[in-house]
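Structure data follow from target28.cif (mmCIF, C-alpha atoms and all ligand atoms):
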data_data
loop_
_atom_site.label_atom_id
_atom_site.label_comp_id
_atom_site.auth_asym_id
_atom_site.auth_seq_id
_atom_site.Cartn_x
_atom_site.Cartn_y
_atom_site.Cartn_z
CA MET A 1 14.05 -16.16 -19.29
CA GLU A 2 14.21 -16.90 -15.59
CA VAL A 3 12.56 -15.66 -12.43
CA ILE A 4 15.03 -16.03 -9.57
CA VAL A 5 14.10 -15.46 -5.94
CA PRO A 6 16.68 -14.10 -3.53
CA ILE A 7 15.11 -16.08 -0.73
CA LEU A 8 14.59 -14.42 2.64
CA THR A 9 16.13 -16.16 5.66
CA PRO A 10 13.55 -17.03 8.33
CA PHE A 11 14.86 -16.63 11.89
CA ASN A 12 13.63 -18.12 15.17
CA PRO A 13 13.02 -15.78 18.15
CA ASP A 14 16.50 -16.71 19.49
CA GLY A 15 18.16 -15.54 16.25
CA THR A 16 18.97 -18.98 14.82
CA ILE A 17 17.86 -19.92 11.31
CA ASN A 18 14.42 -21.50 11.18
CA ARG A 19 15.30 -24.38 8.88
CA GLU A 20 11.80 -25.78 8.59
CA ALA A 21 10.39 -22.41 7.57
CA LEU A 22 13.19 -21.98 5.02
CA LYS A 23 12.40 -25.35 3.52
CA THR A 24 8.64 -24.76 3.45
CA HIS A 25 9.15 -21.39 1.78
CA ALA A 26 11.58 -22.70 -0.86
CA HIS A 27 9.30 -25.62 -1.61
CA ASN A 28 6.31 -23.33 -2.14
CA LEU A 29 8.28 -20.96 -4.39
CA LEU A 30 9.47 -23.80 -6.62
CA GLU A 31 5.97 -25.33 -6.72
CA LYS A 32 4.64 -22.00 -7.92
CA GLY A 33 7.06 -21.99 -10.85
CA ILE A 34 10.08 -20.02 -9.67
CA ASP A 35 13.14 -21.08 -11.70
CA LEU A 36 16.01 -20.67 -9.26
CA ILE A 37 16.77 -19.68 -5.69
CA PHE A 38 19.49 -17.17 -4.93
CA LEU A 39 20.69 -18.12 -1.46
CA ASN A 40 22.29 -15.73 1.08
CA GLY A 41 21.66 -12.66 -1.05
CA THR A 42 20.78 -9.20 0.23
CA THR A 43 17.17 -10.20 0.92
CA GLY A 44 18.49 -13.31 2.68
CA LEU A 45 20.52 -10.93 4.88
CA GLY A 46 23.69 -12.51 3.46
CA PRO A 47 26.11 -9.87 4.82
CA ALA A 48 24.68 -10.52 8.31
CA LEU A 49 25.03 -14.33 8.15
CA SER A 50 28.11 -16.13 9.43
CA LYS A 51 29.84 -18.63 7.17
CA GLU A 52 28.40 -21.45 9.26
CA GLU A 53 24.90 -20.04 8.76
CA LYS A 54 25.49 -19.77 5.02
CA LYS A 55 26.45 -23.45 5.03
CA GLU A 56 23.42 -24.33 7.13
CA ALA A 57 21.13 -22.59 4.64
CA LEU A 58 22.62 -24.58 1.76
CA LYS A 59 22.45 -27.86 3.66
CA THR A 60 18.79 -27.18 4.43
CA LEU A 61 17.74 -26.35 0.89
CA SER A 62 19.76 -29.12 -0.71
CA ASP A 63 17.27 -31.56 0.84
CA ILE A 64 14.66 -30.30 -1.59
CA THR A 65 16.39 -28.82 -4.65
CA ASP A 66 19.60 -28.21 -6.59
CA ARG A 67 18.13 -25.16 -8.30
CA ILE A 68 20.29 -22.89 -6.19
CA ILE A 69 22.84 -20.14 -6.73
CA PHE A 70 24.89 -20.04 -3.53
CA GLN A 71 26.15 -16.59 -2.50
CA VAL A 72 29.49 -16.87 -0.67
CA GLY A 73 30.66 -13.24 -0.22
CA GLU A 74 32.48 -12.36 3.02
CA LEU A 75 35.18 -9.91 4.06
CA ASN A 76 37.55 -12.76 4.93
CA LEU A 77 38.70 -14.48 1.76
CA ASN A 78 39.64 -17.63 3.68
CA HIS A 79 35.99 -17.92 4.74
CA VAL A 80 34.87 -17.34 1.17
CA LEU A 81 37.11 -20.14 -0.07
CA GLU A 82 35.85 -22.42 2.68
CA LEU A 83 32.31 -21.80 1.41
CA VAL A 84 33.41 -22.39 -2.18
CA LYS A 85 34.95 -25.70 -1.16
CA PHE A 86 31.87 -26.60 0.87
CA SER A 87 29.64 -25.99 -2.17
CA SER A 88 31.61 -28.50 -4.25
CA ASP A 89 29.82 -31.31 -2.37
CA TYR A 90 26.45 -29.96 -3.54
CA GLY A 91 24.95 -29.98 -7.00
CA VAL A 92 24.15 -26.27 -7.05
CA ARG A 93 23.77 -24.41 -10.36
CA GLY A 94 26.38 -21.83 -9.48
CA ILE A 95 28.03 -19.77 -6.81
CA ALA A 96 27.98 -16.00 -6.57
CA SER A 97 29.63 -13.26 -4.62
CA TYR A 98 29.23 -9.56 -4.11
CA SER A 99 32.47 -7.63 -4.17
CA PRO A 100 34.41 -6.81 -1.00
CA TYR A 101 32.66 -3.83 0.60
CA TYR A 102 32.87 -1.24 3.37
CA PHE A 103 36.59 -0.49 2.90
CA PRO A 104 36.90 2.62 0.75
CA ARG A 105 39.19 3.15 -2.23
CA LEU A 106 40.13 -0.50 -2.83
CA PRO A 107 42.16 -0.68 -6.05
CA GLU A 108 40.29 -2.23 -8.96
CA LYS A 109 42.94 -4.90 -9.30
CA TRP A 110 42.19 -6.12 -5.75
CA LEU A 111 38.50 -6.43 -6.56
CA ILE A 112 39.34 -8.43 -9.66
CA LYS A 113 41.83 -10.55 -7.74
CA TYR A 114 39.08 -11.42 -5.24
CA PHE A 115 36.88 -12.82 -8.04
CA GLN A 116 39.80 -14.46 -9.82
CA THR A 117 40.63 -16.34 -6.62
CA ILE A 118 37.03 -17.56 -6.33
CA VAL A 119 36.97 -18.67 -9.97
CA SER A 120 40.22 -20.58 -9.60
CA HIS A 121 38.86 -22.51 -6.58
CA SER A 122 35.32 -23.20 -7.79
CA SER A 123 34.06 -26.33 -9.48
CA HIS A 124 30.77 -24.51 -10.15
CA PRO A 125 30.02 -21.66 -12.55
CA VAL A 126 30.73 -18.32 -10.86
CA TYR A 127 28.38 -15.34 -10.92
CA LEU A 128 29.17 -11.77 -10.02
CA TYR A 129 26.67 -10.05 -7.75
CA ASN A 130 27.21 -6.43 -8.63
CA TYR A 131 25.43 -4.06 -6.24
CA PRO A 132 27.28 -0.72 -6.28
CA LEU A 133 24.79 1.05 -4.00
CA ALA A 134 25.41 -1.48 -1.23
CA THR A 135 29.08 -2.37 -1.71
CA GLY A 136 30.41 0.98 -2.88
CA TYR A 137 32.05 -0.71 -5.89
CA ASP A 138 30.83 -1.06 -9.44
CA ILE A 139 32.26 -4.10 -11.20
CA SER A 140 30.97 -2.86 -14.54
CA ALA A 141 31.04 -4.56 -17.94
CA GLU A 142 33.91 -2.23 -18.88
CA LEU A 143 35.95 -3.24 -15.85
CA LEU A 144 35.26 -6.94 -16.41
CA SER A 145 36.24 -6.61 -20.03
CA ARG A 146 39.54 -4.86 -19.17
CA SER A 147 40.31 -7.48 -16.50
CA GLY A 148 39.95 -10.52 -18.74
CA LEU A 149 38.04 -12.23 -15.94
CA GLU A 150 35.65 -14.90 -17.24
CA LEU A 151 32.40 -15.42 -15.38
CA ALA A 152 29.27 -17.47 -16.01
CA GLY A 153 26.93 -14.62 -15.22
CA VAL A 154 26.13 -11.44 -13.40
CA LYS A 155 23.33 -10.22 -11.22
CA ASP A 156 23.43 -6.46 -11.54
CA THR A 157 21.34 -4.66 -8.97
CA ASN A 158 21.03 -1.32 -10.62
CA GLN A 159 18.21 1.11 -11.37
CA ASP A 160 19.94 1.85 -14.67
CA LEU A 161 18.88 -0.98 -16.99
CA SER A 162 21.37 0.11 -19.64
CA HIS A 163 24.14 -0.63 -17.13
CA SER A 164 22.92 -4.25 -16.98
CA MET A 165 22.40 -4.42 -20.74
CA LYS A 166 26.03 -3.46 -21.29
CA PHE A 167 27.04 -6.80 -19.73
CA LYS A 168 24.93 -8.62 -22.31
CA SER A 169 26.32 -6.71 -25.27
CA THR A 170 29.91 -7.08 -24.03
CA PHE A 171 29.58 -10.75 -23.03
CA PRO A 172 26.76 -12.27 -25.10
CA LYS A 173 27.31 -15.74 -23.64
CA MET A 174 27.07 -14.58 -20.05
CA LYS A 175 23.80 -14.91 -18.13
CA VAL A 176 22.72 -11.41 -17.15
CA TYR A 177 20.05 -10.59 -14.58
CA ASN A 178 18.96 -7.29 -13.16
CA GLY A 179 18.15 -7.36 -9.43
CA SER A 180 15.65 -4.53 -9.15
CA ASP A 181 11.99 -5.35 -8.43
CA THR A 182 10.77 -2.28 -10.25
CA LEU A 183 12.64 -3.33 -13.42
CA ALA A 184 11.66 -7.00 -13.39
CA PHE A 185 9.48 -6.73 -16.53
CA TYR A 186 12.28 -5.01 -18.45
CA SER A 187 14.86 -7.52 -17.21
CA LEU A 188 12.72 -10.41 -18.39
CA VAL A 189 12.21 -8.78 -21.77
CA SER A 190 15.77 -7.65 -22.45
CA LEU A 191 18.06 -9.82 -20.30
CA ASP A 192 18.15 -13.44 -19.11
CA GLY A 193 15.76 -12.75 -16.29
CA THR A 194 15.22 -11.09 -12.98
CA VAL A 195 16.41 -11.68 -9.40
CA ALA A 196 13.52 -10.14 -7.54
CA SER A 197 13.09 -9.79 -3.82
CA MET A 198 9.31 -9.33 -4.15
CA ALA A 199 9.05 -12.78 -5.71
CA ASN A 200 9.24 -14.04 -2.11
CA CYS A 201 5.73 -12.72 -1.53
CA LEU A 202 4.39 -12.53 -5.10
CA PRO A 203 5.75 -15.68 -6.80
CA THR A 204 2.66 -16.35 -8.90
CA LEU A 205 2.52 -12.78 -10.15
CA PHE A 206 6.15 -13.00 -11.31
CA VAL A 207 5.62 -16.37 -12.96
CA GLU A 208 2.49 -15.07 -14.71
CA MET A 209 4.38 -11.98 -15.84
CA LYS A 210 7.03 -14.23 -17.38
CA ARG A 211 4.34 -16.33 -19.06
CA ALA A 212 2.58 -13.26 -20.46
CA ILE A 213 5.88 -12.03 -21.92
CA SER A 214 6.63 -15.37 -23.53
CA GLN A 215 3.13 -15.32 -25.05
CA GLY A 216 3.70 -11.81 -26.37
CA ASP A 217 1.09 -10.24 -24.09
CA LEU A 218 3.21 -7.30 -22.97
CA ARG A 219 0.23 -5.24 -21.82
CA LYS A 220 -0.74 -7.92 -19.33
CA ALA A 221 2.87 -8.31 -18.20
CA LEU A 222 3.16 -4.58 -17.61
CA ILE A 223 0.05 -4.61 -15.45
CA HIS A 224 1.77 -7.27 -13.31
CA GLN A 225 4.85 -5.06 -13.09
CA ARG A 226 2.74 -2.14 -11.88
CA LEU A 227 1.26 -4.29 -9.11
CA ILE A 228 4.73 -5.42 -8.08
CA SER A 229 5.99 -1.83 -8.02
CA SER A 230 3.00 -0.77 -5.89
CA MET A 231 3.84 -3.48 -3.34
CA VAL A 232 7.45 -2.27 -3.28
CA GLU A 233 6.22 1.22 -2.43
CA MET A 234 4.05 -0.11 0.38
CA ALA A 235 6.90 -2.19 1.81
CA ARG A 236 9.50 0.58 1.63
CA LYS A 237 7.57 2.78 4.06
CA TYR A 238 8.31 0.25 6.82
CA GLY A 239 11.77 -0.88 5.70
CA GLN A 240 11.50 -3.28 2.79
CA LEU A 241 13.69 -6.05 4.24
CA GLY A 242 11.60 -6.31 7.41
CA ALA A 243 8.26 -5.76 5.71
CA LEU A 244 8.88 -8.65 3.33
CA TYR A 245 8.43 -11.15 6.17
CA VAL A 246 4.95 -9.79 6.89
CA LEU A 247 4.03 -9.59 3.20
CA THR A 248 5.11 -13.19 2.62
CA GLU A 249 3.07 -14.42 5.55
CA ILE A 250 0.00 -12.52 4.30
CA THR A 251 0.19 -13.65 0.70
CA GLN A 252 1.57 -17.19 1.10
CA GLY A 253 -0.34 -18.16 4.22
CA TYR A 254 2.48 -19.52 6.37
CA SER A 255 4.98 -17.98 8.75
CA VAL A 256 8.53 -17.22 7.58
CA GLY A 257 9.65 -16.24 11.06
CA LYS A 258 11.23 -12.85 11.60
CA PRO A 259 14.25 -10.97 10.33
CA ARG A 260 17.24 -10.62 12.66
CA PRO A 261 18.22 -7.23 14.06
CA PRO A 262 19.71 -4.89 13.00
CA ILE A 263 17.13 -5.74 10.35
CA PHE A 264 14.28 -5.24 12.82
CA PRO A 265 10.86 -6.82 12.57
CA LEU A 266 7.94 -4.44 12.14
CA ASP A 267 6.33 -3.48 15.45
CA GLU A 268 2.76 -4.49 16.18
CA GLY A 269 1.22 -1.24 14.96
CA GLU A 270 3.22 -1.21 11.74
CA GLU A 271 2.39 -4.83 11.03
CA LYS A 272 -1.31 -4.18 11.51
CA GLU A 273 -1.22 -1.15 9.26
CA LEU A 274 0.71 -2.96 6.50
CA ARG A 275 -1.59 -5.97 6.68
CA LYS A 276 -4.64 -3.77 6.27
CA GLU A 277 -3.12 -1.86 3.39
CA VAL A 278 -2.04 -4.97 1.50
CA GLU A 279 -5.18 -6.98 2.11
CA ASN A 280 -7.32 -4.12 0.81
CA PHE A 281 -5.01 -3.71 -2.17
CA LEU A 282 -5.12 -7.39 -3.14
CA LYS A 283 -8.84 -7.73 -2.50
CA GLY A 284 -9.53 -4.73 -4.71
CA LEU A 285 -7.62 -6.36 -7.52
CA GLY A 286 -8.78 -9.94 -7.12
CA VAL A 287 -5.17 -10.99 -7.63
CA THR A 288 -3.48 -14.27 -6.63
CA ALA A 289 -0.06 -13.62 -5.15
C1 LIG B 301 19.09 -9.99 -3.39
C2 LIG B 301 18.68 -9.53 -4.73
C3 LIG B 301 17.70 -8.47 -4.90
C4 LIG B 301 18.37 -7.25 -4.56
C5 LIG B 301 17.56 -6.11 -4.21
C6 LIG B 301 18.35 -5.24 -3.29
O1 LIG B 301 20.13 -10.64 -3.30
O2 LIG B 301 18.38 -9.74 -2.43
O3 LIG B 301 19.60 -7.01 -5.04
O4 LIG B 301 16.36 -6.48 -3.66
O5 LIG B 301 17.58 -4.40 -2.56
O6 LIG B 301 19.17 -10.00 -5.71
#

Would it be possible to restate this file's structure as structure tokens?
Ligand code: FW2
Amino acid sequence: MEVIVPILTPFNPDGTINREALKTHAHNLLEKGIDLIFLNGTTGLGPALSKEEKKEALKTLSDITDRIIFQVGELNLNHVLELVKFSSDYGVRGIASYSPYYFPRLPEKWLIKYFQTIVSHSSHPVYLYNYPLATGYDISAELLSRSGLELAGVKDTNQDLSHSMKFKSTFPKMKVYNGSDTLAFYSLVSLDGTVASMANCLPTLFVEMKRAISQGDLRKALIHQRLISSMVEMARKYGQLGALYVLTEITQGYSVGKPRPPIFPLDEGEEKELRKEVENFLKGLGVTA
């Protein structure tokens, strides 16, 4: 049972990656008991990072850990393969990719061919990042099964837990994670774990939820899930990807820089409002984030 953080990418005011902030954040998350870091995911603004920035993020984190799944998805397969090759010099735990996106009506066999090409070039275990809402394509358990493609695992970002569970029943040896914050409890209970964006700002709560589950205290774990879901609701009002930077600064006590437009930072008024809301919420609960 693993709690995986799709780590946010801290940016400097000039739009470059703030490497020190990335390192500080990763170090804190691991110290607090997070199992693995998912690098260049959606929360890390992966689709908005260049291949050189994806490499830079890996280089930066490899100074402190090998507990990394390195996301390499791009719309240029040559770039993807360059990233796959680059990762072979690092002791990461796996590489992952979302499917090609944006272009409509891609034949299924092209989607499969994309992943087959990655698998054939990778020295690391390969994970599918399935996020139909974002990519427009569902690489489902049925499709994987028909294709004969063999993968180490899947991160399925889906509000339908049964969709994720189908991967586990079809491929019992595969690691299966759901990527929805509001289903983290259920993913920990019924799958191999969760890849949860909110673990950037609530690492301790996630780790405690996992501990409560392993001790059989499901009531306590569900209370943690409710708190996490409440924070998601608060963040969504402002744009969850941007709000996460503010939430992380509030709860973890250090700056993680800003997002990079078109993922815009919250404006001054929004930030003030969110801070007030969250601080009151956490104070009322006496919770450690
Ligand atoms: C990522 C995740 C979590 C998500 C979810 C999307 O890469 O950021 O899929 O937060 O909104 O795994």

Neighbours of ligand LIG 301 (chain B) within 7 Å, counting all atoms listed in the file, as a ChimeraX atom specification? /A:6,38,41-44,131,155,157,179-181,195-197

CA of Gln240 (chain A) to CA of Tyr254 (chain A): how many Å, to one decimal?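 We find that CA of Gln240 (chain A) and CA of Tyr254 (chain A) lie 18.9 Å from each other.
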
Gln225 (chain A) environment, 9 Å, all atoms listed in the file, sequence neighbours closer than 3 positions dropped, as a list in words: Asp181, Thr182, Leu183, Ala184, Phe185, Leu205, Phe206, Met209, Lys220, Ala221, Leu222, Ile228, Ser229 and Ser230 of chain A

For CA of Ala212 (chain A) and CA of Leu188 (chain A), the interatomic separation in Å (one decimal):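 If I compute the distance from CA of Ala212 (chain A) to CA of Leu188 (chain A), I get 10.7 Å.
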
Expected residue set, 8 Å radius at (10.3, -7.0, 10.9), all atoms listed in the file, as a ChimeraX atom specification: /A:241-246,258-259,263-267

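With distances restricted to all atoms listed in the file, A:Lys23 is the closest residue to Asp63 (chain A) from A:His124, A:Lys272, A:Lys23, A:Arg260.
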
When distances are computed from all atoms listed in the file, which of A:Val5, A:Ile118, A:Leu36, A:Leu58 shows the smallest separation from Glu74 (chain A)?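 Checking each candidate against Glu74 (chain A), we get A:Ile118 as the closest.
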
Using all atoms listed in the file, find each residue of region 68-133 of chain A with at least one atom at most 12 Å away from an atom of region 159-163 of chain A; report its shortest atom-to-atom pair and that distance in Å (one decimal), sort the rows by chain and rising residue number, and return the result as CSV.
residue,atom,partner,partner_atom,distance
A:Asn130,CA,A:His163,CA,10.7
A:Tyr131,CA,A:Gln159,CA,10.3
A:Pro132,CA,A:Gln159,CA,10.6
A:Leu133,CA,A:Gln159,CA,9.9

Smallest atom-to-atom distance to Glu142 (chain A): which of A:Gly253, A:Val126, A:Glu108, A:Gly284, using only C-alpha atoms?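 Using only C-alpha atoms, Glu142 (chain A) sits closest to A:Glu108.
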
Show me, as a PyMOL selection string, the residues that have an atom within 12 Å of Glu52 (chain A) when counting all atoms listed in the file, minus same-chain residues fewer than 6 positions from it. chain A and resi 16-17+40+46+58-59+72+74+79-80+82-83+86

Store the residues picked out above in a file with C-alpha atoms, as a JSON list (two decimals), in the frame of the given file.
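Saved as out18.json:
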[["chain", "number", "residue", "atom", "x", "y", "z"],
["A", 16, "THR", "CA", 18.97, -18.98, 14.82],
["A", 17, "ILE", "CA", 17.86, -19.92, 11.31],
["A", 40, "ASN", "CA", 22.29, -15.73, 1.08],
["A", 46, "GLY", "CA", 23.69, -12.51, 3.46],
["A", 58, "LEU", "CA", 22.62, -24.58, 1.76],
["A", 59, "LYS", "CA", 22.45, -27.86, 3.66],
["A", 72, "VAL", "CA", 29.49, -16.87, -0.67],
["A", 74, "GLU", "CA", 32.48, -12.36, 3.02],
["A", 79, "HIS", "CA", 35.99, -17.92, 4.74],
["A", 80, "VAL", "CA", 34.87, -17.34, 1.17],
["A", 82, "GLU", "CA", 35.85, -22.42, 2.68],
["A", 83, "LEU", "CA", 32.31, -21.80, 1.41],
["A", 86, "PHE", "CA", 31.87, -26.60, 0.87]]

Between CA of Pro107 (chain A) and CA of Ile69 (chain A), what is the distance, to one decimal in Å?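 Going from CA of Pro107 (chain A) over to CA of Ile69 (chain A), I get 27.4 Å.
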
Write out as a PyMOL selection string each polymer residue whose atoms come within 10 Å of Ser122 (chain A), counting all atoms listed in the file; drop sequence neighbours fewer than 5 positions from it. chain A and resi 81+83-88+94-95+117

Those residues with C-alpha atoms, as an mmCIF file, keeping the file's coordinate frame please?
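Wrote it out as again_1.cif, contents follow:
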data_model
loop_
_atom_site.group_PDB
_atom_site.id
_atom_site.type_symbol
_atom_site.label_atom_id
_atom_site.label_comp_id
_atom_site.auth_asym_id
_atom_site.auth_seq_id
_atom_site.Cartn_x
_atom_site.Cartn_y
_atom_site.Cartn_z
ATOM 1 C CA LEU A 81 37.110 -20.140 -0.070
ATOM 2 C CA LEU A 83 32.310 -21.800 1.410
ATOM 3 C CA VAL A 84 33.410 -22.390 -2.180
ATOM 4 C CA LYS A 85 34.950 -25.700 -1.160
ATOM 5 C CA PHE A 86 31.870 -26.600 0.870
ATOM 6 C CA SER A 87 29.640 -25.990 -2.170
ATOM 7 C CA SER A 88 31.610 -28.500 -4.250
ATOM 8 C CA GLY A 94 26.380 -21.830 -9.480
ATOM 9 C CA ILE A 95 28.030 -19.770 -6.810
ATOM 10 C CA THR A 117 40.630 -16.340 -6.620
#

My list of candidates is A:Ile68, A:Ile112, A:Ala48, A:Cys201. Which is closest to Pro100 (chain A) when distances are computed with all atoms listed in the file?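 Once distances to Pro100 (chain A) are computed over all atoms listed in the file, the minimum belongs to A:Ile112.
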
Which residue gives the smallest distance to Tyr114 (chain A) among A:Gly269, A:Pro261, A:Gly15, A:Gly73, with all atoms listed in the file counted?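 Counting all atoms listed in the file, the residue closest to Tyr114 (chain A) is A:Gly73.
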
Distance cut-off 12 Å, centre (19.0, -30.0, 8.3) in file coordinates, counting only C-alpha atoms: which residues qualify? Return them as a PDB file with C-alpha atoms, in the frame of the given file.
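Once everything was written out, this is out_6.pdb:
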ATOM      1  CA  ILE A  17      17.860 -19.920  11.310  1.00  0.00           C
ATOM      2  CA  ASN A  18      14.420 -21.500  11.180  1.00  0.00           C
ATOM      3  CA  ARG A  19      15.300 -24.380   8.880  1.00  0.00           C
ATOM      4  CA  GLU A  20      11.800 -25.780   8.590  1.00  0.00           C
ATOM      5  CA  ALA A  21      10.390 -22.410   7.570  1.00  0.00           C
ATOM      6  CA  LEU A  22      13.190 -21.980   5.020  1.00  0.00           C
ATOM      7  CA  LYS A  23      12.400 -25.350   3.520  1.00  0.00           C
ATOM      8  CA  GLU A  53      24.900 -20.040   8.760  1.00  0.00           C
ATOM      9  CA  LYS A  55      26.450 -23.450   5.030  1.00  0.00           C
ATOM     10  CA  GLU A  56      23.420 -24.330   7.130  1.00  0.00           C
ATOM     11  CA  ALA A  57      21.130 -22.590   4.640  1.00  0.00           C
ATOM     12  CA  LEU A  58      22.620 -24.580   1.760  1.00  0.00           C
ATOM     13  CA  LYS A  59      22.450 -27.860   3.660  1.00  0.00           C
ATOM     14  CA  THR A  60      18.790 -27.180   4.430  1.00  0.00           C
ATOM     15  CA  LEU A  61      17.740 -26.350   0.890  1.00  0.00           C
ATOM     16  CA  SER A  62      19.760 -29.120  -0.710  1.00  0.00           C
ATOM     17  CA  ASP A  63      17.270 -31.560   0.840  1.00  0.00           C
ATOM     18  CA  ILE A  64      14.660 -30.300  -1.590  1.00  0.00           C
TER      19      ILE A  64
END

Counting only C-alpha atoms, the option among A:Ala134, A:Thr170, A:Gly257, A:Leu285 closest to Gly148 (chain A):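 Comparing A:Ala134, A:Thr170, A:Gly257, A:Leu285 against Gly148 (chain A), the winner is A:Thr170.
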
Give me the box for region 183-187 of chain A as JSON, namely the centre and edge lengths in Å to one decimal of a box along x, y and z that holds every listed atom plus 4 Å on each side.
{"center_x": 12.2, "center_y": -5.4, "center_z": -15.9, "size_x": 13.4, "size_y": 12.2, "size_z": 13.1}

Given the block above, output region 127-143 of chain A with N, CA, C and O atoms as a compact mmCIF listing (two decimals), in the first residue's frame.
# COMPACT_ATOMS: atom_id res chain seq x y z
N TYR A 127 5.09 2.25 -16.54
CA TYR A 127 3.73 2.44 -16.01
C TYR A 127 2.91 3.25 -17.00
O TYR A 127 3.40 4.20 -17.61
N LEU A 128 1.65 2.85 -17.11
CA LEU A 128 0.70 3.64 -17.89
C LEU A 128 0.08 4.70 -16.98
O LEU A 128 -0.33 4.40 -15.86
N TYR A 129 0.04 5.93 -17.46
CA TYR A 129 -0.73 6.97 -16.76
C TYR A 129 -1.99 7.16 -17.58
O TYR A 129 -1.96 7.82 -18.62
N ASN A 130 -3.06 6.57 -17.12
CA ASN A 130 -4.32 6.66 -17.85
C ASN A 130 -5.19 7.77 -17.27
O ASN A 130 -5.58 7.71 -16.11
N TYR A 131 -5.44 8.80 -18.06
CA TYR A 131 -6.23 9.94 -17.58
C TYR A 131 -7.16 10.38 -18.72
O TYR A 131 -6.92 11.37 -19.40
N PRO A 132 -8.23 9.61 -18.92
CA PRO A 132 -9.12 9.85 -20.07
C PRO A 132 -9.68 11.27 -20.13
O PRO A 132 -9.79 11.85 -21.21
N LEU A 133 -10.01 11.84 -18.96
CA LEU A 133 -10.60 13.18 -18.95
C LEU A 133 -9.63 14.21 -19.57
O LEU A 133 -10.04 15.14 -20.26
N ALA A 134 -8.36 14.02 -19.31
CA ALA A 134 -7.36 14.98 -19.80
C ALA A 134 -6.86 14.65 -21.21
O ALA A 134 -6.64 15.55 -22.01
N THR A 135 -6.68 13.37 -21.49
CA THR A 135 -6.05 13.02 -22.78
C THR A 135 -7.08 12.76 -23.87
O THR A 135 -6.75 12.80 -25.06
N GLY A 136 -8.32 12.45 -23.45
CA GLY A 136 -9.34 12.10 -24.44
C GLY A 136 -9.30 10.62 -24.80
O GLY A 136 -10.11 10.15 -25.61
N TYR A 137 -8.38 9.87 -24.22
CA TYR A 137 -8.26 8.44 -24.56
C TYR A 137 -8.27 7.59 -23.29
O TYR A 137 -7.58 7.92 -22.33
N ASP A 138 -9.03 6.52 -23.34
CA ASP A 138 -9.07 5.60 -22.21
C ASP A 138 -8.32 4.32 -22.59
O ASP A 138 -8.81 3.52 -23.40
N ILE A 139 -7.13 4.16 -22.01
CA ILE A 139 -6.41 2.89 -22.21
C ILE A 139 -6.91 1.99 -21.08
O ILE A 139 -6.31 1.93 -20.01
N SER A 140 -8.01 1.33 -21.31
CA SER A 140 -8.68 0.56 -20.25
C SER A 140 -8.03 -0.81 -20.08
O SER A 140 -7.21 -1.23 -20.91
N ALA A 141 -8.45 -1.51 -19.02
CA ALA A 141 -7.96 -2.87 -18.81
C ALA A 141 -8.33 -3.76 -19.99
O ALA A 141 -7.53 -4.59 -20.43
N GLU A 142 -9.52 -3.54 -20.55
CA GLU A 142 -9.96 -4.35 -21.69
C GLU A 142 -9.03 -4.13 -22.87
O GLU A 142 -8.60 -5.07 -23.53
N LEU A 143 -8.74 -2.86 -23.15
CA LEU A 143 -7.88 -2.55 -24.29
C LEU A 143 -6.47 -3.12 -24.08
O LEU A 143 -5.89 -3.73 -24.99
